[in-house]
Protein chains: 2
Amino acid sequence: MIAEAIAGINYPERPAQLYEPIAYTMSLGGKRLRPLLTLITCDALGGDVKAALTPAVGLELFHNFTLLHDDVMDRADVRRGKPTVHRRWNDNVAILSGDTMLTLATQHMCQVSKTVLPAVISLFNRTAIEIYEGQQWDMDFETRNDVTEPEYMEMIRLKTSVLLGCACQLGAIVAGADEEVQRAVYDVGVNLGLAFQLQDDVLDVWGDAATFGKEPGGDIMNNKKTFLLINAQRLATDDDALELRRWLADEYAMRDMKVPAVRSLYERLGLREHSHKAIAHYSTLALEALDRVDGMSDDGRQMLHDLIVELIDRQA
Amino acid sequence: MIAEAIAGINYPERPAQLYEPIAYTMSLGGKRLRPLLTLITCDALGGDVKAALTPAVGLELFHNFTLLHDDVMDRADVRRGKPTVHRRWNDNVAILSGDTMLTLATQHMCQVSKTVLPAVISLFNRTAIEIYEGQQWDMDFETRNDVTEPEYMEMIRLKTSVLLGCACQLGAIVAGADEEVQRAVYDVGVNLGLAFQLQDDVLDVWGDAATFGKEPGGDIMNNKKTFLLINAQRLATDDDALELRRWLADEYAMRDMKVPAVRSLYERLGLREHSHKAIAHYSTLALEALDRVDGMSDDGRQMLHDLIVELIDRQA
């Protein structure tokens with residue numbers, strides 16, 4: 001349903017430079033996780049999935065808008081194996097077609113009944129603001145080497161997790177659920193999002209190239225401030241601290257030297273276990289929040305449960 | 001009221017790099033024409049001006065968001081006599097705080113009664129999309145020298161005028177006016193916008209430095225595709241065509257040579273009269289649309305009438 005709805009979006013033909021990059025971005029695929037969470041939550045709460053479809057697609061448009069603008073800010077060349085919009089076209093095209101996607105997302109978001117429109121639009125706008133704040137914190141962290149674990153968790157909560165919470169809550173709103181249920185499914189999404197992002201950080205270090213779909217170590221090569229790196233900077237002492245600083249400063253480090261070395265260092269510092277514990281912690285919070293949801297069908301609850309477990313145990 | 005409401009917007013303190021550029025942008029002033037049109041229209045139709053204030057401020061936030069992103073795209077250094085955001089901070093800050101302004105604008109826009117919310121948000125989103133399209137056409141025109149007058153008018157209709165139409169219609173919606181009245185005030189705004197933008201193009205060529213507040217000729221020096229230039233490219237023949245092409249190609253032209261020469265050329269081609277006729281045409285359409293509006297107080301109609309005449313006769 002989601003794939004069909006996304007493929008069926010009717011973009012105007014002109015101006016071509018505005019709409020072609022949007023169609024291109026939306027055609028690159030991805031897990032479509034956000035609309036999926038909306039539809040499954042809505043269905044599990046006895047709502048009409050068809051009524052949730054257009055706003056769910058709005059979330060996917062919004063998510064892809066943030067990726068498009070983030071790629072300009074991060075100077076990223078490749079996204080889902082293809083050139084990013086600012087590389088294939090240019091920065092101006094990426095800025096303006098991104099702006100257009102944000103408004104298209106809002107238009108999709110507003111295709112709900114009058115009764116639920118105020119709740120939907122206010123959730124969506126609040127979430128969007130949090131995501132910009134998260135992206136700003138992420139950029140601020142790039143020039144700091146004293147980021148704490150709570151600061152990092154707050155950044156990924158804003159940058160990634162609240163959108164999963166929003167996706168679940170959107171499904172609940174469309175299903176006509178009360179505010180207590182809305183809060184519980186929001187917590188499911190946010191905690192799933194935290195576990196999911198940590199798993200992303202872990203896969204980049206210990207993922208298997210074959211199942212991961214791309215060479216691991218990208219974050220290490222880019223000195224990306226992940227859960228691993230901020231903890232390593234905090235915990236490493238003496239020789240380890242020196243070695244870490246050397247790898248971070250070495251602009252010409254070879255991938256097959258730096259990645260295994262930093263990986264070993266993370267392992268010596270116990271960060272593999274530490275991460276797995278953190279992932280288990282947030283997964284448990286997500287599943288506990290799911291248990292708290294009133295009025296959910298057994299089948300629906302099971303489906304959400306399985307989706308959470310699958311996403312967190314994923315190898316890619 | 002508008003100045004107070006804008007000064008009273010409460011931006012979060014952190015992340016500072018996200019909100020400081022927004023507060024800076026909104027503090028630079030400007031005519032506040034869009035919220036003004038909303039409040040005057042709402043009042044003239046017997047609506048509650050206080051109820052229109054927050055969405056009216058939303059329009060000003062939106063307008064300033066478009067200027068902020070346009071300044072990145074156009075590499076503009078100065079706006080209202082101050083460094084632009086991407087110059088004072090950097091491109092990333094300008095992109096992300098612009099995105100944030102768009103969502104803040106939408107949040108302000110949604111602060112209306114449930115009854116009118118669907119009409120308001122749908123008008124706002126549709127207008128936003130048209131404005132992005134107008135900006136894209138404007139950028140497309142930069143690399144063309146065969147832009148026709150109808151194409152130019154359609155571009156400025158999208159890029160500038162529909163927002164003035166939207167401002168008037170917003171006031172009418174909040175006042176509870178019917179769709180016929182909404183359409184008529186929308187036409188007032190759009191035609192005012194067309195006349196206003198043409199007047200802008202004219203002032204850059206024939207404006208008086210003292211009253212204009214800045215040195216005229218900026219558009220001429222930048223080879224900006226204005227109403228004058230696209231018509232000159234269409235009408236100039238023989239020696240005039242040759243001279244125009246030379247000035248356009250001369251990257252090192254002195255201001256005190258190029259500006260008077262291009263101005264004379266425009267005058268020889270009759271473009272001063274042609275522009276004034278076009279301005280009079282769209283002003284008349286705006287005033288005729290105003291006459292068509294049912295249920296407007298005499299005072300309100302007079303105030304809108306005077307505002308239109310004042311804006312179009314302005315020298316700055």
# chains A, B, ... in the order shown; residues from 1 in each chain; ligands from 1
>>> residues_around(residues="A:Glu179", least_positions_apart="3", cutoff="12 Å", atoms="only C-alpha atoms", output="mmCIF file with N, CA and C atoms, in the first residue's frame")
data_model
loop_
_atom_site.group_PDB
_atom_site.id
_atom_site.type_symbol
_atom_site.label_atom_id
_atom_site.label_comp_id
_atom_site.auth_asym_id
_atom_site.auth_seq_id
_atom_site.Cartn_x
_atom_site.Cartn_y
_atom_site.Cartn_z
ATOM 1 N N ALA A 119 -4.994 17.963 16.097
ATOM 2 C CA ALA A 119 -4.036 17.115 16.809
ATOM 3 C C ALA A 119 -2.912 16.666 15.886
ATOM 4 N N GLN A 169 2.111 7.723 16.999
ATOM 5 C CA GLN A 169 1.015 8.540 17.544
ATOM 6 C C GLN A 169 0.046 8.960 16.441
ATOM 7 N N LEU A 170 0.579 9.251 15.257
ATOM 8 C CA LEU A 170 -0.287 9.612 14.130
ATOM 9 C C LEU A 170 -1.291 8.497 13.848
ATOM 10 N N ALA A 172 -2.371 6.327 15.944
ATOM 11 C CA ALA A 172 -3.329 6.282 17.057
ATOM 12 C C ALA A 172 -4.366 7.402 16.936
ATOM 13 N N ILE A 173 -3.921 8.595 16.549
ATOM 14 C CA ILE A 173 -4.854 9.728 16.402
ATOM 15 C C ILE A 173 -5.895 9.411 15.330
ATOM 16 N N ALA A 175 -6.848 6.593 14.365
ATOM 17 C CA ALA A 175 -7.722 5.519 14.862
ATOM 18 C C ALA A 175 -8.680 6.017 15.942
ATOM 19 N N GLY A 176 -8.546 7.276 16.341
ATOM 20 C CA GLY A 176 -9.457 7.837 17.343
ATOM 21 C C GLY A 176 -9.112 7.451 18.772
ATOM 22 N N GLN A 182 -2.328 7.389 23.004
ATOM 23 C CA GLN A 182 -1.409 8.138 22.131
ATOM 24 C C GLN A 182 -0.029 8.265 22.756
ATOM 25 N N ARG A 183 -0.015 8.593 24.071
ATOM 26 C CA ARG A 183 1.284 8.746 24.754
ATOM 27 C C ARG A 183 2.037 7.421 24.807
ATOM 28 N N ALA A 184 1.315 6.331 25.057
ATOM 29 C CA ALA A 184 1.975 5.026 25.159
ATOM 30 C C ALA A 184 2.593 4.620 23.814
ATOM 31 N N VAL A 185 1.843 4.772 22.713
ATOM 32 C CA VAL A 185 2.411 4.359 21.416
ATOM 33 C C VAL A 185 3.530 5.319 20.993
ATOM 34 N N TYR A 186 3.427 6.595 21.419
ATOM 35 C CA TYR A 186 4.533 7.537 21.157
ATOM 36 C C TYR A 186 5.802 7.018 21.835
ATOM 37 N N VAL A 293 -0.297 -0.270 26.241
ATOM 38 C CA VAL A 293 -1.313 0.289 25.337
ATOM 39 C C VAL A 293 -2.650 -0.426 25.534
ATOM 40 N N ASP A 294 -3.671 0.331 25.868
ATOM 41 C CA ASP A 294 -5.015 -0.225 26.047
ATOM 42 C C ASP A 294 -5.729 -0.348 24.704
#
>>> interface_residues(of="chain B", to="chain A", cutoff="10 Å", atoms="only C-alpha atoms", output="PyMOL selection string")
chain B and resi 14-19+66+69-70+72-74+91-93+95-107+110-115+117-118+121-122+124-137+139-140
>>> select_by_dssp(residues="stretch 34-281 of chain B", states="strand (DSSP E or B)", output="PyMOL selection string")
chain B and resi 78-79+82-83
>>> atom_distance(atom1="atom CA of A:Ala249", atom2="atom CA of A:Glu149")
22.2 Å
>>> residues_around(residues="stretch 202-212 of chain A", least_positions_apart="3", cutoff="8 Å", atoms="only C-alpha atoms", output="list in words")
Leu198, Gln199, Glu215, Pro216, Gly217, Gly218, Asp219, Ile220, Leu228, Val259, Arg263, Arg272, Ser275, Gln315 and Ala316 of chain A
>>> residues_around(residues="stretch 278-289 of chain A", least_positions_apart="3", cutoff="6 Å", atoms="only C-alpha atoms", output="list in words")
Ala184, Val188, Asn191, Leu192, Ala195, Ser275 and Arg292 of chain A
>>> atom_distance(atom1="atom CA of A:Thr25", atom2="atom CA of B:Trp89")
28.5 Å
>>> closest_residue(among="B:Arg34, B:Arg255, B:Arg144, B:Arg88", to="B:Leu229", atoms="only C-alpha atoms")
B:Arg144
>>> residues_around(residues="stretch 53-60 of chain B", least_positions_apart="6", cutoff="6 Å", atoms="only C-alpha atoms", output="list of chain:residue names")
B:Pro35, B:Ala105, B:His108, B:Met109
>>> write_last_selection(atoms="N, CA and C atoms", output="PDB file, in the first residue's frame")
ATOM      1  N   PRO B  35       1.335  40.832   6.923  1.00  0.00           N
ATOM      2  CA  PRO B  35       0.413  40.852   8.082  1.00  0.00           C
ATOM      3  C   PRO B  35      -0.499  42.077   8.068  1.00  0.00           C
ATOM      4  N   ALA B 105       6.408  29.157  11.003  1.00  0.00           N
ATOM      5  CA  ALA B 105       5.360  29.874  10.265  1.00  0.00           C
ATOM      6  C   ALA B 105       4.083  29.030  10.230  1.00  0.00           C
ATOM      7  N   HIS B 108       2.338  29.075  13.557  1.00  0.00           N
ATOM      8  CA  HIS B 108       1.579  30.318  13.761  1.00  0.00           C
ATOM      9  C   HIS B 108       0.287  30.312  12.943  1.00  0.00           C
ATOM     10  N   MET B 109       0.423  29.825  11.713  1.00  0.00           N
ATOM     11  CA  MET B 109      -0.701  29.757  10.781  1.00  0.00           C
ATOM     12  C   MET B 109      -1.856  28.937  11.349  1.00  0.00           C
TER      13      MET B 109
END
>>> atom_distance(atom1="atom CA of A:Thr84", atom2="atom CA of A:Lys214")
16.5 Å
>>> select_by_dssp(residues="stretch 8-225 of chain A", states="alpha helix (DSSP H)", output="PyMOL selection string")
chain A and resi 16-27+33-44+49-73+85-88+91-109+117-142+149-156+162-174+179-206+209-212+218-221
>>> residues_around(residues="A:Glu251", least_positions_apart="2", cutoff="10 Å", atoms="only C-alpha atoms", output="VMD selection string")
chain A and resid 221 to 223 246 to 249 253 to 254
>>> write_last_selection(atoms="C-alpha atoms", output="compact mmCIF listing (two decimals), in the first residue's frame")
# COMPACT_ATOMS: atom_id res chain seq x y z
CA MET A 221 36.62 6.92 8.74
CA ASN A 222 34.57 10.16 9.02
CA ASN A 223 35.29 10.57 12.77
CA ARG A 246 46.11 10.02 16.70
CA TRP A 247 43.55 8.19 14.56
CA LEU A 248 41.15 11.15 14.77
CA ALA A 249 43.87 13.54 13.66
CA ALA A 253 44.70 7.06 7.53
CA MET A 254 44.16 3.92 5.43
>>> residues_around(residues="stretch 242-244 of chain B", least_positions_apart="5", cutoff="9 Å", atoms="only C-alpha atoms", output="ChimeraX atom specification")
/B:232-233,236-237,249,262,265
>>> write_last_selection(atoms="N, CA and C atoms", output="PDB file, in the first residue's frame")
ATOM      1  N   ALA B 232      13.538  44.787 -23.001  1.00  0.00           N
ATOM      2  CA  ALA B 232      14.601  45.369 -23.818  1.00  0.00           C
ATOM      3  C   ALA B 232      15.216  44.299 -24.723  1.00  0.00           C
ATOM      4  N   GLN B 233      15.410  43.097 -24.168  1.00  0.00           N
ATOM      5  CA  GLN B 233      15.991  42.018 -24.981  1.00  0.00           C
ATOM      6  C   GLN B 233      15.064  41.649 -26.135  1.00  0.00           C
ATOM      7  N   ALA B 236      14.854  45.454 -28.538  1.00  0.00           N
ATOM      8  CA  ALA B 236      16.020  46.155 -29.103  1.00  0.00           C
ATOM      9  C   ALA B 236      16.434  45.529 -30.434  1.00  0.00           C
ATOM     10  N   THR B 237      16.731  46.397 -31.397  1.00  0.00           N
ATOM     11  CA  THR B 237      17.216  45.900 -32.692  1.00  0.00           C
ATOM     12  C   THR B 237      18.516  46.616 -33.023  1.00  0.00           C
ATOM     13  N   ALA B 249      27.513  41.639 -21.284  1.00  0.00           N
ATOM     14  CA  ALA B 249      28.703  40.784 -21.303  1.00  0.00           C
ATOM     15  C   ALA B 249      29.883  41.410 -20.555  1.00  0.00           C
ATOM     16  N   VAL B 262      22.302  52.001 -19.839  1.00  0.00           N
ATOM     17  CA  VAL B 262      21.193  51.056 -19.946  1.00  0.00           C
ATOM     18  C   VAL B 262      19.865  51.783 -19.701  1.00  0.00           C
ATOM     19  N   LEU B 265      18.901  53.497 -22.830  1.00  0.00           N
ATOM     20  CA  LEU B 265      18.448  52.494 -23.786  1.00  0.00           C
ATOM     21  C   LEU B 265      17.001  52.093 -23.479  1.00  0.00           C
TER      22      LEU B 265
END
>>> closest_residue(among="B:Val116, B:Leu33, B:Arg87, B:Asp77", to="B:Thr160", atoms="only C-alpha atoms")
B:Leu33
